[in-house]
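**Student:** Pasting a structure here, questions to come.
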Amino acid sequence: MAEQALGRGGIRPRLLGTSGAAPNAPYNIKGPFVQEYFFTAGPEWLGPHNKHGAIMAHVLVGGVDGMFEKDLLGQSPSVVGFYNNQLALAGIVGGHFDLNRLGALGFRINA
């Protein structure tokens with residue numbers, strides 16, 4: 001558990017909690033630990049902006065690495081409704097809106 005809390009080997013500390021495994025009464029698997037890391041890159045566009053606010057958009061492409069089988073007690077991931085461990089293509093489209101109210105106070109809305 002300490003290894004999970006410190007985030008050893010990851011970019012960010014991991015959040016602790018349960019994964020919401022599907023009902024699996026004969027196997028008694030409850031809240032197995034899962035992890036998923038995205039690694040993406042791409043352009044970001046700065047739209048209309050001034051000292052009071054800005055609009056930005058981005059399109060990112062890369063991959064995602066998921067580990068779902070670690071705490072399943074040797075059972076298939078389909079028993080609890082998970083995917084197999086895998087590396088897959090990832091794409092992200094979004095942006096944010098910044099609103100600057102004072103010199104030290106600003107708000108950001110992400111989409």
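The chains in the structure tokens are called A, B, ... from first to last as shown; in each chain the residues are counted from 1, and the ligands are counted from 1 in the order shown.
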What's around Gly62 of chain A at 6 Å? Count only C-alpha atoms, leave out sequence neighbours fewer than 5 positions away in its own chain, and write the answer as a ChimeraX atom specification.
**Tutor:** /A:39-40,90
**Student:** Those same residues - N, CA and C atoms - I'd like them written as a PDB file, in the first residue's frame.
**Tutor:**
ATOM      1  N   PHE A  39       0.288   9.207 -22.231  1.00  0.00           N
ATOM      2  CA  PHE A  39       1.427   9.988 -22.704  1.00  0.00           C
ATOM      3  C   PHE A  39       1.047  10.510 -24.080  1.00  0.00           C
ATOM      4  N   THR A  40       0.848  11.815 -24.170  1.00  0.00           N
ATOM      5  CA  THR A  40       0.350  12.439 -25.389  1.00  0.00           C
ATOM      6  C   THR A  40       1.130  13.714 -25.681  1.00  0.00           C
ATOM      7  N   ALA A  90      -4.256   6.793 -28.018  1.00  0.00           N
ATOM      8  CA  ALA A  90      -5.065   7.764 -27.279  1.00  0.00           C
ATOM      9  C   ALA A  90      -5.151   9.059 -28.070  1.00  0.00           C
TER      10      ALA A  90
END
**Student:** Looking at A:Ile55, A:Ala22, A:Val93, A:Val34, which one is nearest to Lys70 of chain A, with distances taken over only C-alpha atoms?
**Tutor:**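 Residue with the minimum atom-to-atom distance to Lys70 of chain A: A:Val34.
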**Student:** Give me the residues within 7 Å of Phe107 of chain A as a compact mmCIF listing (two decimals) with N, CA and C atoms, in the first residue's frame, counting only C-alpha atoms and dropping any in the same chain fewer than 3 places off.
**Tutor:**
# COMPACT_ATOMS: atom_id res chain seq x y z
N ASP A 98 -9.48 30.95 -19.72
CA ASP A 98 -8.89 31.61 -18.55
C ASP A 98 -9.56 32.95 -18.33
N LEU A 99 -9.88 33.22 -17.08
CA LEU A 99 -10.47 34.50 -16.69
C LEU A 99 -9.61 35.08 -15.57
N ASN A 100 -8.94 36.21 -15.84
CA ASN A 100 -8.04 36.84 -14.87
C ASN A 100 -8.77 38.01 -14.23
**Student:** Using only C-alpha atoms, which residues sit within 7 Å of Ala111 of chain A once same-chain residues fewer than 5 positions away are excluded, as a VMD selection string?
**Tutor:** chain A and resid 94 to 96
**Student:** Okay, now the selection with N, CA and C atoms, as a compact mmCIF listing (two decimals), in the first residue's frame?
**Tutor:**
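Result written to out33.txt:
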# COMPACT_ATOMS: atom_id res chain seq x y z
N GLY A 94 -9.60 19.23 -26.77
CA GLY A 94 -10.20 20.05 -25.74
C GLY A 94 -9.59 21.43 -25.71
N GLY A 95 -9.74 22.08 -24.59
CA GLY A 95 -9.20 23.42 -24.43
C GLY A 95 -9.54 23.97 -23.07
N HIS A 96 -9.25 25.26 -22.90
CA HIS A 96 -9.63 25.90 -21.65
C HIS A 96 -9.86 27.39 -21.86
**Student:** Grab the atom CA of Asp65 of chain A to atom CA of Gly91 of chain A distance for me, in Å with one decimal place.
**Tutor:**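 Separating atom CA of Asp65 of chain A from atom CA of Gly91 of chain A is a distance of 13.1 Å.
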**Student:** Any idea what's packed within 10 Å of Val79 of chain A, counting only C-alpha atoms, ignoring anything in its chain fewer than 6 positions away? Could you give it as an mmCIF file with N, CA, C and O atoms, in the first residue's frame?
**Tutor:**
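Once written, result.cif looks like this:
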data_model
loop_
_atom_site.group_PDB
_atom_site.id
_atom_site.type_symbol
_atom_site.label_atom_id
_atom_site.label_comp_id
_atom_site.auth_asym_id
_atom_site.auth_seq_id
_atom_site.Cartn_x
_atom_site.Cartn_y
_atom_site.Cartn_z
ATOM 1 N N ALA A 21 -15.186 -3.041 -9.207
ATOM 2 C CA ALA A 21 -15.258 -4.320 -9.921
ATOM 3 C C ALA A 21 -16.700 -4.807 -9.996
ATOM 4 O O ALA A 21 -17.493 -4.599 -9.085
ATOM 5 N N ALA A 22 -17.027 -5.464 -11.102
ATOM 6 C CA ALA A 22 -18.367 -6.028 -11.285
ATOM 7 C C ALA A 22 -18.617 -7.138 -10.259
ATOM 8 O O ALA A 22 -17.666 -7.740 -9.741
ATOM 9 N N PRO A 23 -19.871 -7.432 -9.928
ATOM 10 C CA PRO A 23 -20.164 -8.516 -8.979
ATOM 11 C C PRO A 23 -19.519 -9.836 -9.428
ATOM 12 O O PRO A 23 -19.599 -10.213 -10.590
ATOM 13 N N ASN A 24 -18.833 -10.500 -8.487
ATOM 14 C CA ASN A 24 -18.118 -11.742 -8.799
ATOM 15 C C ASN A 24 -18.085 -12.631 -7.569
ATOM 16 O O ASN A 24 -17.027 -13.029 -7.094
ATOM 17 N N TYR A 27 -15.534 -15.505 -6.586
ATOM 18 C CA TYR A 27 -14.094 -15.187 -6.515
ATOM 19 C C TYR A 27 -13.762 -14.213 -5.391
ATOM 20 O O TYR A 27 -12.604 -14.072 -5.016
ATOM 21 N N ILE A 29 -13.477 -10.953 -5.260
ATOM 22 C CA ILE A 29 -12.532 -9.891 -5.639
ATOM 23 C C ILE A 29 -13.229 -8.560 -5.395
ATOM 24 O O ILE A 29 -14.245 -8.259 -6.015
ATOM 25 N N LEU A 72 -6.207 -9.436 -9.354
ATOM 26 C CA LEU A 72 -7.376 -10.249 -9.684
ATOM 27 C C LEU A 72 -7.262 -11.699 -9.226
ATOM 28 O O LEU A 72 -8.053 -12.542 -9.639
#
**Student:** What separation in Å, quoted to one decimal, exists between atom CA of Ala54 of chain A and atom CA of Tyr37 of chain A?
**Tutor:** 28.8 Å
**Student:** Nearest residue to Gly53 of chain A out of A:Phe97, A:Leu102, A:Pro32, A:Phe38, using only C-alpha atoms?
**Tutor:**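 Closest to Gly53 of chain A of all the choices is A:Phe97.
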**Student:** Check the smallest atom-to-atom distance from each of A:Gly106, A:Pro48, A:Pro43, A:Gly31 to Asp71 of chain A using only C-alpha atoms, then report the winner.
**Tutor:**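 Smallest distance to Asp71 of chain A is found for A:Gly31.
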**Student:** How far is it from atom CA of Lys30 of chain A to atom CA of Met67 of chain A, in Å with one decimal?
**Tutor:**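 Atom-to-atom, atom CA of Lys30 of chain A and atom CA of Met67 of chain A are spaced 16.5 Å apart.
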**Student:** Pick the closest to Ala88 of chain A from A:Gly103, A:Asn110, A:Gly63, A:Glu69: which is it, counting only C-alpha atoms?
**Tutor:** A:Gly63
**Student:** Could you tell me which of A:Val59, A:Leu87, A:Val80, A:Val64 comes closest to Gly42 of chain A if we count only C-alpha atoms?
**Tutor:**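 When distances to Gly42 of chain A are compared using only C-alpha atoms, the smallest one comes from A:Val59.
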**Student:** Out of segment 1-95 of chain A, which residues get alpha helix (DSSP H) from DSSP, as a PyMOL selection string?
**Tutor:** chain A and resi 2-6
**Student:** Quick one: everything within 7 Å of Phe82 of chain A, counting only C-alpha atoms, minus sequence neighbours fewer than 4 positions away in the same chain. Send it as a PyMOL selection string.
**Tutor:** chain A and resi 68+77-78
**Student:** Going by DSSP on the backbone, which residues of chain A come out as strand (DSSP E or B)? List them as an MDAnalysis selection string.
**Tutor:** chainID A and resid 35:41 44:50 53:67 86:102 105:110
**Student:** Set the distance at 8 Å and use only C-alpha atoms: which residues neighbour Trp45 of chain A once local chain neighbours fewer than 6 positions away are removed? I'd like the list as a PyMOL selection string.
**Tutor:** chain A and resi 56-58
**Student:** Identify which of the residues A:Val61, A:Lys51, A:Ala41, A:Leu46 lies closest to Leu89 of chain A, counting only C-alpha atoms when measuring atom-to-atom distances.
**Tutor:** A:Val61
